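Colleague: Contents are compact mmCIF, N, CA and C atoms and all ligand atoms; file name start23.txt:
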# COMPACT_ATOMS: atom_id res chain seq x y z
N MET G 1 -15.43 -2.86 -4.64
CA MET G 1 -14.02 -2.85 -5.13
C MET G 1 -13.33 -4.16 -4.77
N ALA G 2 -14.05 -5.26 -4.83
CA ALA G 2 -13.45 -6.52 -4.42
C ALA G 2 -12.42 -7.03 -5.41
N ASN G 3 -12.30 -6.37 -6.57
CA ASN G 3 -11.27 -6.78 -7.53
C ASN G 3 -9.91 -6.14 -7.21
N ALA G 4 -9.86 -5.27 -6.19
CA ALA G 4 -8.58 -4.68 -5.76
C ALA G 4 -8.45 -4.87 -4.25
N PRO G 5 -7.22 -5.13 -3.76
CA PRO G 5 -7.05 -5.33 -2.32
C PRO G 5 -7.09 -4.01 -1.55
N VAL G 6 -6.61 -2.95 -2.20
CA VAL G 6 -6.48 -1.67 -1.50
C VAL G 6 -6.59 -0.54 -2.53
N TRP G 7 -7.26 0.53 -2.17
CA TRP G 7 -7.42 1.64 -3.12
C TRP G 7 -7.45 2.97 -2.39
N VAL G 8 -7.18 4.03 -3.15
CA VAL G 8 -7.00 5.37 -2.58
C VAL G 8 -8.03 6.33 -3.16
N ASP G 9 -8.57 7.17 -2.29
CA ASP G 9 -9.41 8.28 -2.73
C ASP G 9 -8.48 9.49 -2.83
N GLU G 10 -8.02 9.77 -4.03
CA GLU G 10 -6.98 10.79 -4.20
C GLU G 10 -7.47 12.19 -3.83
N LYS G 11 -8.75 12.39 -3.80
CA LYS G 11 -9.28 13.71 -3.41
C LYS G 11 -9.05 13.95 -1.91
N ARG G 12 -8.98 12.87 -1.14
CA ARG G 12 -8.80 13.00 0.31
C ARG G 12 -7.34 12.96 0.74
N CYS G 13 -6.49 12.32 -0.05
CA CYS G 13 -5.11 12.08 0.38
C CYS G 13 -4.33 13.38 0.52
N LYS G 14 -3.68 13.54 1.69
CA LYS G 14 -2.89 14.73 1.97
C LYS G 14 -1.38 14.42 1.90
N ALA G 15 -1.06 13.26 1.38
CA ALA G 15 0.34 12.89 1.15
C ALA G 15 1.20 12.90 2.41
N CYS G 16 0.63 12.43 3.51
CA CYS G 16 1.38 12.45 4.78
C CYS G 16 2.32 11.26 4.94
N SER G 17 2.16 10.24 4.12
CA SER G 17 3.01 9.03 4.14
C SER G 17 2.74 8.08 5.30
N LEU G 18 1.79 8.37 6.16
CA LEU G 18 1.57 7.51 7.33
C LEU G 18 1.18 6.10 6.93
N CYS G 19 0.40 5.97 5.88
CA CYS G 19 -0.01 4.64 5.43
C CYS G 19 1.18 3.84 4.93
N VAL G 20 2.10 4.53 4.24
CA VAL G 20 3.29 3.85 3.72
C VAL G 20 4.17 3.40 4.88
N ALA G 21 4.26 4.26 5.90
CA ALA G 21 5.04 3.90 7.09
C ALA G 21 4.45 2.69 7.80
N ALA G 22 3.13 2.54 7.72
CA ALA G 22 2.45 1.45 8.44
C ALA G 22 2.43 0.14 7.65
N CYS G 23 2.64 0.21 6.36
CA CYS G 23 2.48 -0.99 5.51
C CYS G 23 3.68 -1.93 5.67
N PRO G 24 3.43 -3.18 6.06
CA PRO G 24 4.53 -4.13 6.28
C PRO G 24 5.02 -4.81 5.01
N SER G 25 4.34 -4.58 3.90
CA SER G 25 4.59 -5.45 2.74
C SER G 25 5.12 -4.75 1.49
N GLY G 26 5.31 -3.45 1.53
CA GLY G 26 5.81 -2.77 0.32
C GLY G 26 4.75 -2.61 -0.76
N ALA G 27 3.49 -2.67 -0.38
CA ALA G 27 2.43 -2.50 -1.37
C ALA G 27 2.21 -1.04 -1.73
N LEU G 28 2.60 -0.13 -0.82
CA LEU G 28 2.34 1.30 -1.01
C LEU G 28 3.65 2.09 -1.06
N ALA G 29 3.61 3.20 -1.78
CA ALA G 29 4.73 4.15 -1.75
C ALA G 29 4.21 5.51 -2.19
N MET G 30 4.95 6.54 -1.88
CA MET G 30 4.60 7.87 -2.36
C MET G 30 5.16 8.04 -3.77
N ARG G 31 4.48 8.87 -4.55
CA ARG G 31 5.00 9.25 -5.87
C ARG G 31 4.90 10.76 -6.00
N ILE G 32 5.75 11.31 -6.84
CA ILE G 32 5.68 12.75 -7.13
C ILE G 32 4.39 13.03 -7.90
N GLU G 33 3.64 14.03 -7.47
CA GLU G 33 2.41 14.39 -8.19
C GLU G 33 2.29 15.92 -8.19
N PRO G 34 2.79 16.55 -9.24
CA PRO G 34 2.80 18.02 -9.27
C PRO G 34 1.41 18.63 -9.14
N LYS G 35 0.38 17.90 -9.53
CA LYS G 35 -0.98 18.47 -9.49
C LYS G 35 -1.58 18.47 -8.08
N SER G 36 -0.99 17.70 -7.17
CA SER G 36 -1.57 17.66 -5.82
C SER G 36 -0.97 18.77 -4.95
N THR G 37 -1.68 19.16 -3.93
CA THR G 37 -1.28 20.29 -3.08
C THR G 37 0.14 20.13 -2.55
N LEU G 38 0.46 18.96 -2.07
CA LEU G 38 1.77 18.76 -1.47
C LEU G 38 2.81 18.23 -2.46
N GLY G 39 2.42 18.12 -3.70
CA GLY G 39 3.39 17.69 -4.71
C GLY G 39 3.63 16.19 -4.70
N ALA G 40 2.82 15.46 -3.93
CA ALA G 40 3.00 14.01 -3.85
C ALA G 40 1.64 13.35 -3.68
N MET G 41 1.62 12.06 -3.88
CA MET G 41 0.38 11.29 -3.75
C MET G 41 0.77 9.85 -3.42
N VAL G 42 -0.04 9.21 -2.60
CA VAL G 42 0.23 7.80 -2.32
C VAL G 42 -0.17 6.97 -3.54
N LYS G 43 0.50 5.84 -3.70
CA LYS G 43 0.26 4.98 -4.85
C LYS G 43 0.30 3.53 -4.40
N VAL G 44 -0.61 2.75 -4.92
CA VAL G 44 -0.55 1.30 -4.70
C VAL G 44 0.44 0.78 -5.74
N ILE G 45 1.67 0.50 -5.32
CA ILE G 45 2.70 0.13 -6.30
C ILE G 45 2.77 -1.37 -6.51
N ALA G 46 2.27 -2.15 -5.55
CA ALA G 46 2.33 -3.62 -5.70
C ALA G 46 1.09 -4.21 -5.03
N ALA G 47 -0.01 -4.15 -5.75
CA ALA G 47 -1.27 -4.65 -5.19
C ALA G 47 -1.15 -6.12 -4.79
N ASP G 48 -0.35 -6.87 -5.54
CA ASP G 48 -0.21 -8.30 -5.24
C ASP G 48 0.60 -8.56 -3.97
N PHE G 49 1.22 -7.52 -3.41
CA PHE G 49 1.95 -7.66 -2.14
C PHE G 49 1.03 -7.38 -0.93
N CYS G 50 -0.15 -6.86 -1.18
CA CYS G 50 -1.02 -6.48 -0.06
C CYS G 50 -1.50 -7.72 0.70
N VAL G 51 -1.28 -7.72 2.01
CA VAL G 51 -1.66 -8.86 2.83
C VAL G 51 -2.99 -8.63 3.57
N GLY G 52 -3.59 -7.48 3.32
CA GLY G 52 -4.92 -7.22 3.90
C GLY G 52 -4.92 -6.95 5.38
N CYS G 53 -3.78 -6.48 5.91
CA CYS G 53 -3.68 -6.26 7.36
C CYS G 53 -4.54 -5.09 7.83
N GLY G 54 -4.81 -4.15 6.94
CA GLY G 54 -5.64 -3.00 7.30
C GLY G 54 -4.90 -1.88 8.01
N GLU G 55 -3.58 -2.03 8.17
CA GLU G 55 -2.80 -1.02 8.91
C GLU G 55 -2.85 0.35 8.22
N CYS G 56 -2.86 0.36 6.89
CA CYS G 56 -2.88 1.64 6.17
C CYS G 56 -4.18 2.39 6.45
N GLU G 57 -5.27 1.64 6.40
CA GLU G 57 -6.58 2.25 6.63
C GLU G 57 -6.66 2.82 8.05
N LEU G 58 -6.12 2.07 9.01
CA LEU G 58 -6.11 2.53 10.40
C LEU G 58 -5.23 3.76 10.59
N ALA G 59 -4.12 3.80 9.84
CA ALA G 59 -3.16 4.89 10.03
C ALA G 59 -3.60 6.19 9.38
N CYS G 60 -4.46 6.12 8.38
CA CYS G 60 -4.78 7.31 7.59
C CYS G 60 -5.72 8.25 8.36
N PRO G 61 -5.27 9.48 8.61
CA PRO G 61 -6.12 10.43 9.34
C PRO G 61 -7.23 11.01 8.48
N ASP G 62 -7.17 10.78 7.17
CA ASP G 62 -8.11 11.42 6.25
C ASP G 62 -9.07 10.45 5.57
N PHE G 63 -9.10 9.22 6.03
CA PHE G 63 -10.00 8.21 5.46
C PHE G 63 -9.84 8.12 3.95
N ALA G 64 -8.59 8.19 3.51
CA ALA G 64 -8.33 8.24 2.06
C ALA G 64 -7.97 6.89 1.47
N ILE G 65 -7.71 5.91 2.33
CA ILE G 65 -7.28 4.61 1.80
C ILE G 65 -8.17 3.51 2.39
N SER G 66 -8.56 2.58 1.54
CA SER G 66 -9.49 1.53 1.96
C SER G 66 -8.96 0.16 1.57
N VAL G 67 -9.29 -0.81 2.37
CA VAL G 67 -8.82 -2.19 2.16
C VAL G 67 -10.04 -3.08 1.95
N ALA G 68 -9.92 -4.00 1.03
CA ALA G 68 -11.03 -4.92 0.74
C ALA G 68 -11.33 -5.81 1.94
N ASP G 69 -12.55 -6.29 1.96
CA ASP G 69 -12.98 -7.24 2.99
C ASP G 69 -12.29 -8.59 2.77
N ARG G 70 -11.83 -9.20 3.86
CA ARG G 70 -11.16 -10.49 3.75
C ARG G 70 -12.04 -11.56 3.11
N LYS G 71 -13.33 -11.38 3.24
CA LYS G 71 -14.25 -12.36 2.67
C LYS G 71 -14.36 -12.20 1.15
N GLU G 72 -13.96 -11.03 0.67
CA GLU G 72 -14.13 -10.74 -0.76
C GLU G 72 -12.85 -10.78 -1.56
N PHE G 73 -11.71 -10.74 -0.87
CA PHE G 73 -10.45 -10.70 -1.61
C PHE G 73 -9.46 -11.70 -1.03
N ASN G 74 -8.77 -12.39 -1.94
CA ASN G 74 -7.79 -13.38 -1.53
C ASN G 74 -6.43 -12.69 -1.42
N PHE G 75 -6.06 -12.27 -0.22
CA PHE G 75 -4.83 -11.50 -0.02
C PHE G 75 -3.59 -12.39 -0.04
N ALA G 76 -2.45 -11.74 -0.32
CA ALA G 76 -1.17 -12.43 -0.27
C ALA G 76 -0.78 -12.72 1.18
N LYS G 77 0.21 -13.58 1.34
CA LYS G 77 0.79 -13.83 2.67
C LYS G 77 2.14 -13.13 2.75
N LEU G 78 2.40 -12.54 3.90
CA LEU G 78 3.64 -11.77 4.06
C LEU G 78 4.86 -12.68 3.93
N ASN G 79 5.83 -12.26 3.11
CA ASN G 79 7.08 -13.03 3.00
C ASN G 79 8.29 -12.09 3.06
N ASP G 80 9.49 -12.64 2.98
CA ASP G 80 10.70 -11.83 3.14
C ASP G 80 10.86 -10.80 2.04
N ALA G 81 10.49 -11.16 0.81
CA ALA G 81 10.62 -10.21 -0.30
C ALA G 81 9.74 -8.98 -0.04
N MET G 82 8.57 -9.23 0.48
CA MET G 82 7.67 -8.10 0.79
C MET G 82 8.25 -7.25 1.92
N ARG G 83 8.76 -7.91 2.95
CA ARG G 83 9.36 -7.16 4.07
C ARG G 83 10.53 -6.30 3.58
N GLN G 84 11.33 -6.89 2.69
CA GLN G 84 12.48 -6.14 2.16
C GLN G 84 12.02 -4.97 1.30
N ALA G 85 10.96 -5.18 0.54
CA ALA G 85 10.43 -4.09 -0.30
C ALA G 85 9.95 -2.95 0.60
N ALA G 86 9.25 -3.28 1.67
CA ALA G 86 8.75 -2.26 2.59
C ALA G 86 9.91 -1.49 3.21
N GLU G 87 10.95 -2.21 3.60
CA GLU G 87 12.13 -1.59 4.22
C GLU G 87 12.81 -0.64 3.22
N ALA G 88 12.94 -1.06 1.98
CA ALA G 88 13.60 -0.24 0.95
C ALA G 88 12.81 1.05 0.72
N ILE G 89 11.50 0.95 0.70
CA ILE G 89 10.66 2.13 0.50
C ILE G 89 10.79 3.09 1.69
N LYS G 90 10.78 2.53 2.89
CA LYS G 90 10.93 3.38 4.08
C LYS G 90 12.30 4.07 4.08
N ASN G 91 13.31 3.33 3.66
CA ASN G 91 14.66 3.92 3.58
C ASN G 91 14.77 4.94 2.45
N ASN G 92 13.82 4.95 1.57
CA ASN G 92 13.80 5.88 0.44
C ASN G 92 12.82 7.03 0.73
N ASN G 93 12.68 7.34 2.00
CA ASN G 93 11.81 8.45 2.40
C ASN G 93 10.35 8.22 2.01
N PHE G 94 9.96 6.96 1.94
CA PHE G 94 8.58 6.54 1.64
C PHE G 94 8.22 6.65 0.16
N TYR G 95 9.20 7.00 -0.67
CA TYR G 95 8.92 7.10 -2.10
C TYR G 95 9.20 5.79 -2.81
N GLU G 96 8.51 5.62 -3.94
CA GLU G 96 8.76 4.44 -4.74
C GLU G 96 10.21 4.48 -5.23
N LEU G 97 10.82 3.32 -5.33
CA LEU G 97 12.22 3.27 -5.72
C LEU G 97 12.34 3.73 -7.18
N GLY G 98 13.32 4.56 -7.43
CA GLY G 98 13.49 5.10 -8.77
C GLY G 98 12.77 6.42 -8.95
N GLY G 99 11.81 6.70 -8.09
CA GLY G 99 11.12 7.99 -8.18
C GLY G 99 11.37 8.79 -6.91
N ALA G 100 12.54 8.61 -6.34
CA ALA G 100 12.80 9.04 -4.98
C ALA G 100 13.05 10.52 -4.77
N LYS G 101 12.82 10.93 -3.53
CA LYS G 101 13.18 12.29 -3.08
C LYS G 101 14.09 12.13 -1.90
S1 LIG D 1 -3.73 -3.60 4.00
FE1 LIG D 1 -1.70 -3.86 4.97
S2 LIG D 1 -0.42 -4.77 3.35
FE2 LIG D 1 -2.25 -3.92 2.33
S3 LIG D 1 -1.59 -1.88 1.65
FE3 LIG D 1 -2.60 -1.69 3.68
S4 LIG D 1 -0.92 -1.76 5.17
FE4 LIG D 1 -0.13 -2.56 3.22
S1 LIG D 2 -2.18 8.10 5.32
FE1 LIG D 2 -3.98 8.81 4.10
S2 LIG D 2 -3.59 10.98 3.72
FE2 LIG D 2 -1.64 10.05 4.37
S3 LIG D 2 -0.58 9.48 2.43
FE3 LIG D 2 -1.77 7.70 3.15
S4 LIG D 2 -3.76 7.82 2.09
FE4 LIG D 2 -2.79 9.84 1.95
In structure tokens, how does this file's structure come out?
Modeller:
Amino acid sequence: MANAPVWVDEKRCKACSLCVAACPSGALAMRIEPKSTLGAMVKVIAADFCVGCGECELACPDFAISVADRKEFNFAKLNDAMRQAAEAIKNNNFYELGGAK
């Protein structure tokens, strides 16, 4: 999966939001997903914001999210816009903006 910086195994995701809480760059957010058990699912909303820190993968108790190898993917560098995006998502209860709960 070296063509993507970060990806989710939706069969494993329990929608706990821990990965979104851990992400410094606003690359991840929760979305409403009526078909999932908890009514939500994590989503990679800005793959180009992913800095490859691996915090989401470390935070996930269900091994549902994976990050590309630094040798295989050219990750972004963290900047203020990304920090602000992450803050806005956290202030929005971890949901993507506009799809909020
Ligand atoms: S690797 Fe880091 S920047 Fe990328 S989605 Fe995971 S927590 Fe966010
Ligand atoms: S931490 Fe894991 S189980 Fe929780 S929302 Fe993220 S991917 Fe899903």
Colleague: Which of these, G:Asn91, G:Ser36, G:Gln84, G:Ser25, has the shortest distance to ligand LIG 1 (chain D) once you count only C-alpha atoms and all ligand atoms?
Modeller: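 So, comparing all the options, the nearest one is G:Ser25.
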Colleague: Excluding Cys23 (chain G) and its own-chain neighbours fewer than 5 positions away, which residues fall within 8 Å of it when counting only C-alpha atoms? Please give them as a CSV table (one decimal) with N, CA and C atoms, in the coordinates of the input.
Modeller:
chain,number,residue,atom,x,y,z
G,28,LEU,N,2.6,-0.1,-0.8
G,28,LEU,CA,2.3,1.3,-1.0
G,28,LEU,C,3.6,2.1,-1.1
G,55,GLU,N,-3.6,-2.0,8.2
G,55,GLU,CA,-2.8,-1.0,8.9
G,55,GLU,C,-2.8,0.4,8.2
G,56,CYS,N,-2.9,0.4,6.9
G,56,CYS,CA,-2.9,1.6,6.2
G,56,CYS,C,-4.2,2.4,6.4
G,86,ALA,N,9.2,-3.3,1.7
G,86,ALA,CA,8.8,-2.3,2.6
G,86,ALA,C,9.9,-1.5,3.2
Colleague: List as a compact mmCIF listing (two decimals) with N, CA and C atoms, keeping the file's coordinate frame the protein and nucleic acid residues near Cys60 (chain G), meaning an atom at most 8 Å away when only C-alpha atoms are counted, but skip any in the same chain fewer than 5 places from it.
Modeller:
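Contents of selection36.txt, freshly written:
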# COMPACT_ATOMS: atom_id res chain seq x y z
N LEU G 18 1.79 8.37 6.16
CA LEU G 18 1.57 7.51 7.33
C LEU G 18 1.18 6.10 6.93
N CYS G 19 0.40 5.97 5.88
CA CYS G 19 -0.01 4.64 5.43
C CYS G 19 1.18 3.84 4.93
N ILE G 65 -7.71 5.91 2.33
CA ILE G 65 -7.28 4.61 1.80
C ILE G 65 -8.17 3.51 2.39
Colleague: Using all atoms listed in the file, find each residue with an atom at most 7 Å away from ligand LIG 1 (chain D) and format the answer as a PyMOL selection string.
Modeller: chain G and resi 5-6+19+22-28+49-57+66-68
Colleague: Using DSSP on the backbone coordinates, identify the residues of chain G assigned to strand (DSSP E or B); present them as a list in words.
Modeller: Val6, Trp7, Val8, Leu28, Ala29, Met30, Arg31, Ile32, Ala40, Met41, Val42, Lys43, Val44, Ile65, Ser66, Val67 and Tyr95 of chain G
Colleague: Would you mind listing the residues within 9 Å of ligand LIG 2 (chain D), counting only C-alpha atoms and all ligand atoms, as a PyMOL selection string?
Modeller: chain G and resi 7-10+12-22+28-30+40-43+56-66
Colleague: With N, CA and C atoms retained, could you export that selection as a compact mmCIF listing (two decimals), in the frame of the given file?
Modeller:
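New file part_0.txt:
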# COMPACT_ATOMS: atom_id res chain seq x y z
N TRP G 7 -7.26 0.53 -2.17
CA TRP G 7 -7.42 1.64 -3.12
C TRP G 7 -7.45 2.97 -2.39
N VAL G 8 -7.18 4.03 -3.15
CA VAL G 8 -7.00 5.37 -2.58
C VAL G 8 -8.03 6.33 -3.16
N ASP G 9 -8.57 7.17 -2.29
CA ASP G 9 -9.41 8.28 -2.73
C ASP G 9 -8.48 9.49 -2.83
N GLU G 10 -8.02 9.77 -4.03
CA GLU G 10 -6.98 10.79 -4.20
C GLU G 10 -7.47 12.19 -3.83
N ARG G 12 -8.98 12.87 -1.14
CA ARG G 12 -8.80 13.00 0.31
C ARG G 12 -7.34 12.96 0.74
N CYS G 13 -6.49 12.32 -0.05
CA CYS G 13 -5.11 12.08 0.38
C CYS G 13 -4.33 13.38 0.52
N LYS G 14 -3.68 13.54 1.69
CA LYS G 14 -2.89 14.73 1.97
C LYS G 14 -1.38 14.42 1.90
N ALA G 15 -1.06 13.26 1.38
CA ALA G 15 0.34 12.89 1.15
C ALA G 15 1.20 12.90 2.41
N CYS G 16 0.63 12.43 3.51
CA CYS G 16 1.38 12.45 4.78
C CYS G 16 2.32 11.26 4.94
N SER G 17 2.16 10.24 4.12
CA SER G 17 3.01 9.03 4.14
C SER G 17 2.74 8.08 5.30
N LEU G 18 1.79 8.37 6.16
CA LEU G 18 1.57 7.51 7.33
C LEU G 18 1.18 6.10 6.93
N CYS G 19 0.40 5.97 5.88
CA CYS G 19 -0.01 4.64 5.43
C CYS G 19 1.18 3.84 4.93
N VAL G 20 2.10 4.53 4.24
CA VAL G 20 3.29 3.85 3.72
C VAL G 20 4.17 3.40 4.88
N ALA G 21 4.26 4.26 5.90
CA ALA G 21 5.04 3.90 7.09
C ALA G 21 4.45 2.69 7.80
N ALA G 22 3.13 2.54 7.72
CA ALA G 22 2.45 1.45 8.44
C ALA G 22 2.43 0.14 7.65
N LEU G 28 2.60 -0.13 -0.82
CA LEU G 28 2.34 1.30 -1.01
C LEU G 28 3.65 2.09 -1.06
N ALA G 29 3.61 3.20 -1.78
CA ALA G 29 4.73 4.15 -1.75
C ALA G 29 4.21 5.51 -2.19
N MET G 30 4.95 6.54 -1.88
CA MET G 30 4.60 7.87 -2.36
C MET G 30 5.16 8.04 -3.77
N ALA G 40 2.82 15.46 -3.93
CA ALA G 40 3.00 14.01 -3.85
C ALA G 40 1.64 13.35 -3.68
N MET G 41 1.62 12.06 -3.88
CA MET G 41 0.38 11.29 -3.75
C MET G 41 0.77 9.85 -3.42
N VAL G 42 -0.04 9.21 -2.60
CA VAL G 42 0.23 7.80 -2.32
C VAL G 42 -0.17 6.97 -3.54
N LYS G 43 0.50 5.84 -3.70
CA LYS G 43 0.26 4.98 -4.85
C LYS G 43 0.30 3.53 -4.40
N CYS G 56 -2.86 0.36 6.89
CA CYS G 56 -2.88 1.64 6.17
C CYS G 56 -4.18 2.39 6.45
N GLU G 57 -5.27 1.64 6.40
CA GLU G 57 -6.58 2.25 6.63
C GLU G 57 -6.66 2.82 8.05
N LEU G 58 -6.12 2.07 9.01
CA LEU G 58 -6.11 2.53 10.40
C LEU G 58 -5.23 3.76 10.59
N ALA G 59 -4.12 3.80 9.84
CA ALA G 59 -3.16 4.89 10.03
C ALA G 59 -3.60 6.19 9.38
N CYS G 60 -4.46 6.12 8.38
CA CYS G 60 -4.78 7.31 7.59
C CYS G 60 -5.72 8.25 8.36
N PRO G 61 -5.27 9.48 8.61
CA PRO G 61 -6.12 10.43 9.34
C PRO G 61 -7.23 11.01 8.48
N ASP G 62 -7.17 10.78 7.17
CA ASP G 62 -8.11 11.42 6.25
C ASP G 62 -9.07 10.45 5.57
N PHE G 63 -9.10 9.22 6.03
CA PHE G 63 -10.00 8.21 5.46
C PHE G 63 -9.84 8.12 3.95
N ALA G 64 -8.59 8.19 3.51
CA ALA G 64 -8.33 8.24 2.06
C ALA G 64 -7.97 6.89 1.47
N ILE G 65 -7.71 5.91 2.33
CA ILE G 65 -7.28 4.61 1.80
C ILE G 65 -8.17 3.51 2.39
N SER G 66 -8.56 2.58 1.54
CA SER G 66 -9.49 1.53 1.96
C SER G 66 -8.96 0.16 1.57
Colleague: Determine which residues of chain G DSSP labels as helix (DSSP H, G or I) from the backbone of this structure, then write them out as a ChimeraX atom specification.
Modeller: /G:18-22,47-49,55-59,80-91
Colleague: For a test of reading the model, state the distance in Å between atom C of Ala46 (chain G) and CA of Phe94 (chain G), rounded to one decimal.
Modeller: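 Taking atom C of Ala46 (chain G) as the start and CA of Phe94 (chain G) as the end point, the length is 14.7 Å.
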Colleague: Between CA of Glu87 (chain G) and CA of Ile32 (chain G), what is the spacing in Å?
Modeller: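 One can read the CA of Ile32 (chain G) to CA of Glu87 (chain G) distance as 19.4 Å.
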Colleague: Grab the CA of Lys35 (chain G) to CA of Glu96 (chain G) distance for me, in Å with one decimal place.
Modeller: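 About the pair CA of Lys35 (chain G) and CA of Glu96 (chain G): they are 17.7 Å apart.
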